[in-house]
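This is entry.csv. It holds CSV, C-alpha atoms.
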```csv
chain,number,residue,atom,x,y,z
H,1,MET,CA,136.2,85.1,167.9
H,2,GLN,CA,132.8,83.8,167.0
H,3,LEU,CA,129.7,85.5,168.5
H,4,PRO,CA,127.2,83.0,169.7
H,5,PHE,CA,124.3,84.2,167.6
H,6,LEU,CA,126.3,83.7,164.4
H,7,LYS,CA,126.4,80.0,165.1
H,8,ASP,CA,122.7,79.4,164.6
H,9,LYS,CA,121.7,81.8,161.9
H,10,GLN,CA,118.6,79.8,161.0
H,11,ARG,CA,117.3,80.1,164.5
H,12,VAL,CA,113.7,81.5,164.5
H,13,VAL,CA,112.5,83.9,167.2
H,14,PRO,CA,108.8,84.4,167.1
H,15,ASN,CA,107.6,88.0,166.5
H,16,THR,CA,105.0,88.2,169.2
H,17,ARG,CA,104.2,90.7,171.9
H,18,SER,CA,105.6,88.5,174.7
H,19,GLN,CA,108.7,87.7,172.8
H,20,ARG,CA,109.3,91.4,172.0
H,21,ALA,CA,108.9,92.3,175.7
H,22,LYS,CA,111.5,89.5,176.5
H,23,CYS,CA,113.9,90.8,173.9
H,24,TRP,CA,113.6,94.4,175.1
H,25,GLU,CA,114.2,93.3,178.7
H,26,SER,CA,117.3,91.3,177.7
H,27,ARG,CA,118.5,94.3,175.7
H,28,ASP,CA,118.1,96.7,178.6
H,29,ASN,CA,120.0,94.3,180.9
H,30,PHE,CA,122.8,94.0,178.4
H,31,PHE,CA,123.0,97.8,178.0
H,32,THR,CA,123.0,98.3,181.7
H,33,CYS,CA,126.0,96.0,181.9
H,34,LEU,CA,127.6,98.0,179.1
H,35,ASP,CA,127.0,101.2,181.0
H,36,SER,CA,128.7,99.7,184.0
H,37,ILE,CA,131.9,99.0,182.0
H,38,LYS,CA,131.6,102.3,180.1
H,39,VAL,CA,131.2,100.8,176.6
H,40,ILE,CA,129.0,102.6,174.2
H,41,ASN,CA,129.6,100.8,170.9
H,42,SER,CA,129.4,97.1,171.6
H,43,LEU,CA,130.0,96.3,167.9
H,44,GLN,CA,133.5,97.7,168.0
H,45,PRO,CA,136.1,94.9,167.8
H,46,GLU,CA,138.4,96.5,170.5
H,47,ASN,CA,135.5,96.4,173.0
H,48,GLN,CA,134.8,92.7,172.5
H,49,ASP,CA,137.3,91.4,175.2
H,50,LYS,CA,135.9,93.7,177.8
H,51,ILE,CA,132.3,92.7,177.0
H,52,ASN,CA,133.1,89.0,177.0
H,53,ALA,CA,134.9,89.3,180.3
H,54,ASN,CA,132.1,91.3,182.0
H,55,CYS,CA,128.8,91.0,180.2
H,56,SER,CA,128.9,87.6,178.4
H,57,LYS,CA,125.8,86.4,180.3
H,58,GLU,CA,123.8,89.4,179.4
H,59,LEU,CA,125.0,89.3,175.8
H,60,ASN,CA,124.0,85.6,175.4
H,61,GLN,CA,120.5,86.3,176.7
H,62,PHE,CA,120.2,89.3,174.4
H,63,ASN,CA,121.3,87.2,171.4
H,64,GLN,CA,118.9,84.4,172.4
H,65,ASP,CA,115.8,86.5,172.9
H,66,CYS,CA,115.9,88.9,169.9
H,67,ILE,CA,115.4,88.5,166.2
H,68,ASN,CA,118.8,88.5,164.5
H,69,SER,CA,118.4,91.8,162.6
H,70,TRP,CA,117.3,93.5,165.8
H,71,ILE,CA,120.4,92.5,167.7
H,72,LYS,CA,122.6,94.6,165.4
H,73,TYR,CA,120.0,97.3,165.1
H,74,PHE,CA,119.7,97.9,168.8
H,75,GLN,CA,123.5,98.0,169.3
H,76,LYS,CA,123.8,100.6,166.5
H,77,LYS,CA,120.9,102.5,167.9
H,78,ARG,CA,122.6,102.7,171.3
H,79,VAL,CA,125.5,104.5,169.6
H,80,THR,CA,123.3,107.0,167.7
H,81,ASP,CA,121.2,107.6,170.7
H,82,TRP,CA,124.3,108.3,172.7
H,83,GLU,CA,125.6,110.6,170.1
H,84,LYS,CA,122.3,112.4,169.8
H,85,SER,CA,122.0,113.0,173.5
H,86,ASN,CA,125.6,114.2,173.6
H,87,TYR,CA,125.0,116.5,170.7
H,88,VAL,CA,122.0,118.0,172.5
H,89,MET,CA,124.1,118.4,175.7
H,90,ALA,CA,126.9,120.0,173.7
H,91,VAL,CA,124.7,122.8,172.2
H,92,PRO,CA,124.9,125.9,174.5
H,93,LYS,CA,121.6,126.7,176.0
H,94,ASP,CA,121.1,130.1,174.4
H,95,THR,CA,121.4,128.7,170.9
H,96,ILE,CA,118.3,126.5,171.4
H,97,PRO,CA,115.4,128.6,170.2
H,98,SER,CA,112.8,128.9,172.9
H,99,LYS,CA,109.3,128.0,172.0
B,1,MET,CA,61.3,172.6,196.2
B,2,PHE,CA,61.7,174.8,199.3
B,3,ARG,CA,59.9,172.4,201.4
B,4,HIS,CA,62.3,170.0,200.3
B,5,VAL,CA,65.4,172.0,201.2
B,6,GLY,CA,63.9,172.5,204.7
B,7,LEU,CA,63.2,168.9,205.1
B,8,ILE,CA,66.7,167.8,204.2
B,9,ARG,CA,68.1,170.4,206.6
B,10,SER,CA,65.9,169.3,209.4
B,11,GLN,CA,67.1,165.8,208.7
B,12,MET,CA,70.7,166.8,208.6
B,13,ILE,CA,70.6,169.1,211.7
B,14,PRO,CA,68.8,167.2,214.4
B,15,SER,CA,69.9,169.8,216.9
B,16,VAL,CA,68.1,172.6,215.1
B,17,ASN,CA,64.5,172.4,216.2
B,18,LYS,CA,61.6,172.1,213.8
B,19,CYS,CA,60.7,175.7,214.5
B,20,ILE,CA,64.0,177.1,213.2
B,21,ALA,CA,63.8,174.9,210.2
B,22,TYR,CA,60.4,176.3,209.5
B,23,ARG,CA,61.7,179.8,209.7
B,24,LEU,CA,64.2,179.0,207.0
B,25,ILE,CA,61.6,177.6,204.6
B,26,PRO,CA,60.1,180.9,203.2
B,27,LYS,CA,63.6,182.2,202.4
B,28,SER,CA,65.0,181.9,199.0
B,29,PHE,CA,67.7,179.4,197.9
B,30,LEU,CA,70.4,181.7,199.0
B,31,SER,CA,68.9,182.3,202.3
B,32,THR,CA,71.7,180.7,204.2
B,33,THR,CA,74.3,182.8,202.5
B,34,ARG,CA,72.2,185.9,203.0
B,35,LEU,CA,71.7,185.2,206.7
B,36,LEU,CA,75.5,184.7,207.0
B,37,ALA,CA,76.2,188.0,205.3
B,38,ASN,CA,73.7,190.1,207.5
B,39,ALA,CA,74.6,191.0,211.0
B,40,PRO,CA,72.7,189.2,213.7
B,41,LYS,CA,69.7,191.1,214.9
B,42,THR,CA,68.9,189.3,218.1
B,43,PRO,CA,70.9,187.1,220.5
B,44,ASN,CA,68.5,184.3,219.5
B,45,ASP,CA,69.3,184.9,215.8
B,46,ALA,CA,73.0,184.9,216.7
B,47,GLU,CA,72.7,181.5,218.3
B,48,ILE,CA,70.9,180.1,215.3
B,49,LEU,CA,73.6,181.5,213.0
B,50,LYS,CA,76.4,180.1,215.1
B,51,GLU,CA,74.8,176.7,214.8
B,52,ILE,CA,74.4,177.1,211.1
B,53,LYS,CA,78.0,178.3,210.7
B,54,ASP,CA,79.2,175.1,212.3
B,55,ILE,CA,77.8,173.2,209.3
B,56,PRO,CA,80.3,173.2,206.4
B,57,LEU,CA,78.7,174.5,203.3
B,58,LYS,CA,79.5,171.4,201.3
B,59,ASP,CA,77.3,169.4,203.6
B,60,ILE,CA,74.3,171.5,202.7
B,61,LYS,CA,72.8,169.7,199.7
B,62,VAL,CA,70.2,171.4,197.8
B,63,ASN,CA,67.9,169.4,195.7
B,64,THR,CA,70.5,166.7,194.8
B,65,GLU,CA,68.6,163.8,196.2
B,66,ARG,CA,65.4,164.4,194.6
B,67,THR,CA,63.9,161.3,193.1
B,68,GLU,CA,60.8,160.5,191.0
B,69,GLY,CA,57.7,161.1,192.9
B,70,GLY,CA,59.5,163.3,195.4
B,71,LYS,CA,60.7,160.5,197.5
B,72,ILE,CA,64.1,160.7,199.1
B,73,PRO,CA,66.1,157.6,199.2
B,74,PRO,CA,66.8,156.4,202.7
B,75,PRO,CA,70.1,157.6,204.0
B,76,GLY,CA,73.1,155.3,203.6
B,77,VAL,CA,72.0,153.7,200.3
B,78,ASP,CA,74.4,154.5,197.6
B,79,ILE,CA,73.6,153.5,194.0
B,80,THR,CA,77.3,152.5,193.3
B,81,ALA,CA,77.6,150.5,196.5
B,82,LYS,CA,74.7,148.4,195.3
B,83,PHE,CA,76.8,147.0,192.5
B,84,THR,CA,80.1,146.7,194.2
B,85,ASN,CA,79.2,143.8,196.3
B,86,TRP,CA,80.7,140.3,196.1
B,87,LYS,CA,77.9,138.9,194.0
B,88,THR,CA,78.6,141.4,191.2
B,89,ILE,CA,82.3,140.8,191.3
B,90,GLY,CA,81.7,137.1,191.2
B,91,ILE,CA,79.4,137.3,188.2
B,92,PHE,CA,81.9,139.7,186.4
B,93,THR,CA,84.8,137.3,187.1
B,94,VAL,CA,82.9,134.3,185.9
B,95,VAL,CA,81.8,136.1,182.7
B,96,SER,CA,85.3,137.3,181.9
B,97,ALA,CA,86.8,133.9,182.6
B,98,GLY,CA,84.2,132.3,180.3
B,99,LEU,CA,85.0,134.8,177.5
B,100,TYR,CA,88.7,134.2,177.9
B,101,TYR,CA,88.3,130.5,177.8
B,102,TRP,CA,86.2,130.7,174.7
B,103,ALA,CA,88.7,133.0,173.0
B,104,VAL,CA,91.6,130.8,173.8
B,105,ASN,CA,89.7,127.7,172.5
B,106,LYS,CA,88.7,129.5,169.4
B,107,LYS,CA,92.3,130.6,168.8
B,108,LYS,CA,93.5,127.0,169.1
B,109,GLU,CA,90.8,125.8,166.8
B,110,LEU,CA,91.7,128.4,164.2
B,111,GLU,CA,95.4,127.5,164.4
B,112,ILE,CA,94.5,123.8,163.7
B,113,ILE,CA,92.2,124.7,160.8
B,114,LYS,CA,95.0,126.9,159.3
B,115,GLU,CA,97.6,124.2,159.6
B,116,VAL,CA,95.3,121.6,158.0
B,117,GLU,CA,94.4,124.0,155.2
B,118,ALA,CA,98.0,124.5,154.4
B,119,ASN,CA,98.9,120.7,154.2
B,120,ARG,CA,95.7,119.2,152.8
B,121,SER,CA,96.3,119.3,149.1
B,122,SER,CA,99.9,118.2,149.1
B,123,VAL,CA,99.5,114.7,150.7
B,124,GLY,CA,97.5,111.7,149.6
B,125,GLY,CA,96.1,110.4,146.4
B,126,PRO,CA,94.5,107.3,144.8
B,127,PHE,CA,95.9,103.9,145.5
B,128,THR,CA,95.0,100.2,145.0
B,129,LEU,CA,96.1,97.6,147.5
B,130,LYS,CA,94.8,94.5,149.2
B,131,ASP,CA,93.7,94.0,152.8
B,132,PHE,CA,94.7,91.0,154.8
B,133,ASN,CA,91.4,89.2,154.0
B,134,GLY,CA,92.2,89.3,150.3
B,135,ASN,CA,89.7,92.2,149.5
B,136,GLU,CA,90.7,95.1,147.4
B,137,PHE,CA,91.5,98.1,149.4
B,138,THR,CA,91.6,101.5,147.7
B,139,ASP,CA,91.3,105.2,148.5
B,140,LYS,CA,87.5,104.7,148.2
B,141,ASN,CA,87.7,102.7,151.5
B,142,LEU,CA,88.8,105.8,153.2
B,143,LEU,CA,85.4,107.5,152.6
B,144,GLY,CA,82.7,107.8,155.2
B,145,LYS,CA,84.8,107.7,158.4
B,146,PHE,CA,88.0,109.0,159.9
B,147,SER,CA,91.0,106.8,159.2
B,148,LEU,CA,94.3,106.5,161.0
B,149,LEU,CA,96.9,105.3,158.6
B,150,TYR,CA,100.2,103.9,159.7
B,151,PHE,CA,103.1,102.7,157.4
B,152,GLY,CA,105.4,100.2,158.9
B,153,PHE,CA,106.6,96.6,158.8
B,154,SER,CA,105.9,93.7,161.1
B,155,HIS,CA,109.6,92.9,161.7
B,156,CYS,CA,110.0,96.3,163.2
B,157,PRO,CA,112.2,96.2,166.3
B,158,ASP,CA,110.8,99.0,168.5
B,159,ILE,CA,109.2,102.0,166.9
B,160,CYS,CA,106.3,100.3,165.1
B,161,PRO,CA,105.2,98.2,168.2
B,162,ALA,CA,105.3,101.4,170.3
B,163,GLU,CA,103.3,103.4,167.7
B,164,LEU,CA,100.8,100.6,167.2
B,165,ASP,CA,100.2,100.5,171.0
B,166,LYS,CA,99.6,104.2,170.9
B,167,LEU,CA,97.2,103.7,167.9
B,168,ALA,CA,95.2,101.2,170.0
B,169,VAL,CA,95.0,103.7,172.8
B,170,TRP,CA,93.7,106.4,170.4
B,171,ILE,CA,91.2,104.1,168.8
B,172,ASN,CA,89.7,103.3,172.2
B,173,GLY,CA,90.0,106.9,173.5
B,174,ILE,CA,88.2,108.4,170.5
B,175,LYS,CA,85.5,105.8,170.8
B,176,LYS,CA,85.1,106.5,174.5
B,177,ASP,CA,85.3,110.4,174.3
B,178,LEU,CA,83.5,111.1,171.1
B,179,ASN,CA,81.7,107.9,170.3
B,180,VAL,CA,83.4,107.9,166.9
B,181,GLU,CA,84.7,104.7,165.3
B,182,VAL,CA,87.9,105.4,163.4
B,183,GLN,CA,89.3,103.1,160.8
B,184,PRO,CA,92.8,102.1,161.7
B,185,ILE,CA,94.9,100.9,158.8
B,186,PHE,CA,98.4,99.4,158.8
B,187,VAL,CA,100.2,99.6,155.4
B,188,THR,CA,103.2,97.4,155.2
B,189,CYS,CA,106.4,98.8,153.7
B,190,ASP,CA,107.8,95.3,153.5
B,191,PRO,CA,105.4,93.4,151.3
B,192,VAL,CA,107.8,90.5,150.6
B,193,ARG,CA,107.8,89.3,154.2
B,194,ASP,CA,104.5,90.8,155.4
B,195,THR,CA,102.0,88.4,153.7
B,196,PRO,CA,98.3,88.8,154.7
B,197,GLU,CA,98.7,85.9,157.2
B,198,VAL,CA,101.7,87.5,158.8
B,199,LEU,CA,99.9,90.8,159.1
B,200,LYS,CA,96.8,89.3,160.5
B,201,LYS,CA,98.8,87.5,163.2
B,202,TYR,CA,100.9,90.5,164.0
B,203,LEU,CA,98.1,93.1,164.2
B,204,LYS,CA,95.9,91.0,166.4
B,205,ASP,CA,98.4,91.7,169.2
B,206,PHE,CA,97.5,95.4,169.1
B,207,HIS,CA,93.9,96.0,168.3
B,208,PRO,CA,91.2,93.8,166.6
B,209,SER,CA,90.0,96.6,164.4
B,210,ILE,CA,93.4,97.4,162.7
B,211,ILE,CA,93.2,96.5,159.0
B,212,GLY,CA,96.5,95.2,157.5
B,213,VAL,CA,97.0,96.3,153.9
B,214,THR,CA,99.6,95.0,151.5
B,215,GLY,CA,100.3,95.0,147.7
B,216,THR,CA,103.1,94.7,145.3
B,217,HIS,CA,106.3,96.6,145.9
B,218,CYS,CA,105.4,99.0,143.2
B,219,GLN,CA,101.9,99.6,144.4
B,220,ILE,CA,103.2,100.3,147.9
B,221,LYS,CA,105.9,102.5,146.5
B,222,ASP,CA,103.4,104.6,144.6
B,223,MET,CA,101.2,105.0,147.6
B,224,CYS,CA,104.1,105.9,149.8
B,225,LYS,CA,105.2,108.5,147.3
B,226,ASN,CA,101.7,110.1,147.4
B,227,TYR,CA,101.7,110.1,151.2
B,228,LYS,CA,105.3,111.4,151.3
B,229,VAL,CA,106.4,108.2,153.2
B,230,PHE,CA,110.1,107.2,152.8
B,231,PHE,CA,111.0,103.6,153.1
B,232,SER,CA,114.1,101.6,152.2
B,233,THR,CA,112.9,98.0,151.4
B,234,PRO,CA,114.9,96.7,148.4
B,235,HIS,CA,112.7,95.9,145.4
B,236,ASP,CA,114.1,92.3,145.2
B,237,ALA,CA,114.3,91.6,148.9
B,238,ASN,CA,114.5,87.9,149.8
B,239,PRO,CA,111.7,87.0,152.2
B,240,LYS,CA,114.0,84.5,154.0
B,241,GLU,CA,116.4,87.3,154.7
B,242,ASP,CA,116.5,89.1,158.0
B,243,TYR,CA,116.6,92.8,157.4
B,244,ILE,CA,115.4,96.1,158.9
B,245,VAL,CA,113.3,98.5,156.9
B,246,ASP,CA,114.0,102.1,157.5
B,247,HIS,CA,110.8,104.1,157.1
B,248,SER,CA,109.0,107.3,158.2
B,249,THR,CA,107.0,106.8,161.3
B,250,PHE,CA,103.9,108.9,161.2
B,251,THR,CA,100.3,108.2,161.9
B,252,TYR,CA,98.2,109.9,159.2
B,253,VAL,CA,94.9,111.3,160.1
B,254,ILE,CA,92.5,111.1,157.1
B,255,ASP,CA,89.1,112.8,157.1
B,256,PRO,CA,85.8,111.1,156.1
B,257,GLU,CA,86.3,112.5,152.6
B,258,GLY,CA,89.5,110.7,152.2
B,259,GLN,CA,91.6,113.8,152.5
B,260,PHE,CA,94.8,114.2,154.5
B,261,VAL,CA,94.5,116.1,157.7
B,262,GLU,CA,97.7,115.7,159.6
B,263,ALA,CA,100.7,113.3,160.2
B,264,ILE,CA,101.1,112.6,163.9
B,265,GLY,CA,104.8,112.0,164.6
B,266,THR,CA,106.4,109.9,167.3
B,267,ILE,CA,106.9,112.9,169.5
B,268,TYR,CA,103.2,112.7,170.4
B,269,ASN,CA,102.6,110.6,173.4
B,270,GLU,CA,99.4,108.7,174.1
B,271,LYS,CA,97.6,111.6,175.7
B,272,ASP,CA,98.7,114.5,173.4
B,273,GLY,CA,98.1,112.4,170.3
B,274,LEU,CA,94.6,111.6,171.4
B,275,GLU,CA,93.9,115.2,172.1
B,276,ARG,CA,95.2,116.3,168.8
B,277,ILE,CA,93.2,113.7,166.8
B,278,GLU,CA,90.1,114.5,168.7
B,279,GLU,CA,90.6,118.1,168.0
B,280,HIS,CA,90.7,117.3,164.3
B,281,ILE,CA,87.5,115.2,164.5
B,282,LYS,CA,85.7,118.0,166.4
B,283,THR,CA,86.7,120.8,164.0
B,284,PHE,CA,86.1,118.8,160.8
B,285,LEU,CA,84.0,120.4,158.1
B,286,PRO,CA,83.1,118.8,154.8
B,287,GLN,CA,84.9,120.3,151.8
B,288,VAL,CA,81.7,122.1,150.6
B,289,GLU,CA,81.3,123.8,153.9
B,290,ARG,CA,85.0,124.7,154.0
B,291,GLU,CA,84.8,126.4,150.6
B,292,LYS,CA,81.7,128.2,151.6
B,293,ARG,CA,83.5,129.4,154.7
B,294,LEU,CA,86.4,130.7,152.5
B,295,ASN,CA,83.9,133.1,150.8
B,296,LYS,CA,82.8,134.7,153.9
B,297,TRP,CA,84.1,138.1,155.1
B,298,TYR,CA,85.9,136.4,158.0
B,299,ALA,CA,87.7,134.0,155.6
B,300,PHE,CA,91.1,135.6,156.5
B,301,LEU,CA,90.9,133.8,159.8
B,302,PHE,CA,91.4,130.5,158.1
B,303,LYS,CA,94.1,131.5,155.7
```
Structure re-expressed in structure tokens:
Amino acid sequence: MQLPFLKDKQRVVPNTRSQRAKCWESRDNFFTCLDSIKVINSLQPENQDKINANCSKELNQFNQDCINSWIKYFQKKRVTDWEKSNYVMAVPKDTIPSK
Amino acid sequence: MFRHVGLIRSQMIPSVNKCIAYRLIPKSFLSTTRLLANAPKTPNDAEILKEIKDIPLKDIKVNTERTEGGKIPPPGVDITAKFTNWKTIGIFTVVSAGLYYWAVNKKKELEIIKEVEANRSSVGGPFTLKDFNGNEFTDKNLLGKFSLLYFGFSHCPDICPAELDKLAVWINGIKKDLNVEVQPIFVTCDPVRDTPEVLKKYLKDFHPSIIGVTGTHCQIKDMCKNYKVFFSTPHDANPKEDYIVDHSTFTYVIDPEGQFVEAIGTIYNEKDGLERIEEHIKTFLPQVEREKRLNKWYAFLFK
């Protein structure tokens, strides 16, 4: 399967304030959709069918609005952020040193 | 003295007439006791004694209320009562609250000074770079004003834009609160892509006073080493390539003598970061003064 953003690798997204805001918004929309289908890692091959079936619109917008390198970065970050928050939740309360 | 005793008594025993009081005057101090010990002579005397007996001994005060010039303070005025009114309590509370506030502030200030003293010498050093107008930019440019130094790259997806927005808030906040103009500097960790033109265009979005600084990969690497900044740009990166630079995200506070004060991390929000930097500006002392202070007897407070 070919991801849409791989088709036009030379596409240039301007790095301006308004474009960044647009990119972040599309990212948030895409991630909200991923939340609804309970997918954390959107880069995993086994999740692709599920994403294409439910969030293809959001994914396309995300790919269109963001700089190429950011697309992958944000998706990876979603996973590490999730792991981080899970890790913090998993630590029993009394082992966290109080200030 | 005796007159005195009599006077007090006549005041205290309104029922005993003046005449009886007068009869007590020529007696000695112990007259009351003596009278009680002796048997009554006449029924009249017995009456007087009965009246006197009804007065508890502790109520008969002898010479306790004598004041300068022989004047007796009016009844009901107690010297302690004078100072236990609300006004006194109010003043006391205000003074203690003031002292407490002062002590807490001083403690905070000392903690900041101690932290700064511990870190100062280990971070920073000379560097030679170029600003986005093509002028040389070195450590000498840090002298004379407080600088806020940020290391980043313009293709940064989320952290740098957020930090630069904070930086803009801090620049304006410090100007507004302390009337101090800080020098904000953005050093790129991605010199291959961040040309002066790119930096100029990029930084304009955040604050007009931010100076973009760049150099060769080696120059920047040297500076980052001195400032303990980690970054991952490959030496031979292709400017056409699209990549992410991993880097430390701290805003460095540099004092007007070009010395490192503190690295403000991303955990500081707009408000806390502003407070922290302003605290540094307010507690700043030139090196000469700091060294003088370290020779004082109270130097232990700063170590």
By how many Å are atom CA of Val88 of chain H and atom CA of Glu262 of chain B apart?
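Between these atoms lies a distance of 27.6 Å.
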Between B:Glu241, B:Glu278, B:Glu47, B:Asp255, which residue has the minimum interatomic distance to chain H, considering all atoms listed in the file?
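Among the listed residues, the smallest separation from chain H belongs to B:Glu241.
Atom pair atom CA of Lys166 of chain B / atom CA of Ile185 of chain B has a distance of 13.4 Å (rounded to one decimal).
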Distance limit 8 Å, atoms considered: all atoms listed in the file. Which chain B residues sit that close to chain H? Return them as an MDAnalysis selection string.
chainID B and resid 155 157 202 205 242:244
Write the residues you've just listed into a file as a CSV table (one decimal), in the coordinates of the input, and include C-alpha atoms for each of them.
```
chain,number,residue,atom,x,y,z
B,155,HIS,CA,109.6,92.9,161.7
B,157,PRO,CA,112.2,96.2,166.3
B,202,TYR,CA,100.9,90.5,164.0
B,205,ASP,CA,98.4,91.7,169.2
B,242,ASP,CA,116.5,89.1,158.0
B,243,TYR,CA,116.6,92.8,157.4
B,244,ILE,CA,115.4,96.1,158.9
```
Given all atoms listed in the file as the counted atoms, nearest of H:Ile40, H:Gln19, H:Asp28, H:Cys33 to Ala53 of chain H
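Among the listed residues, H:Cys33 lies closest to Ala53 of chain H.
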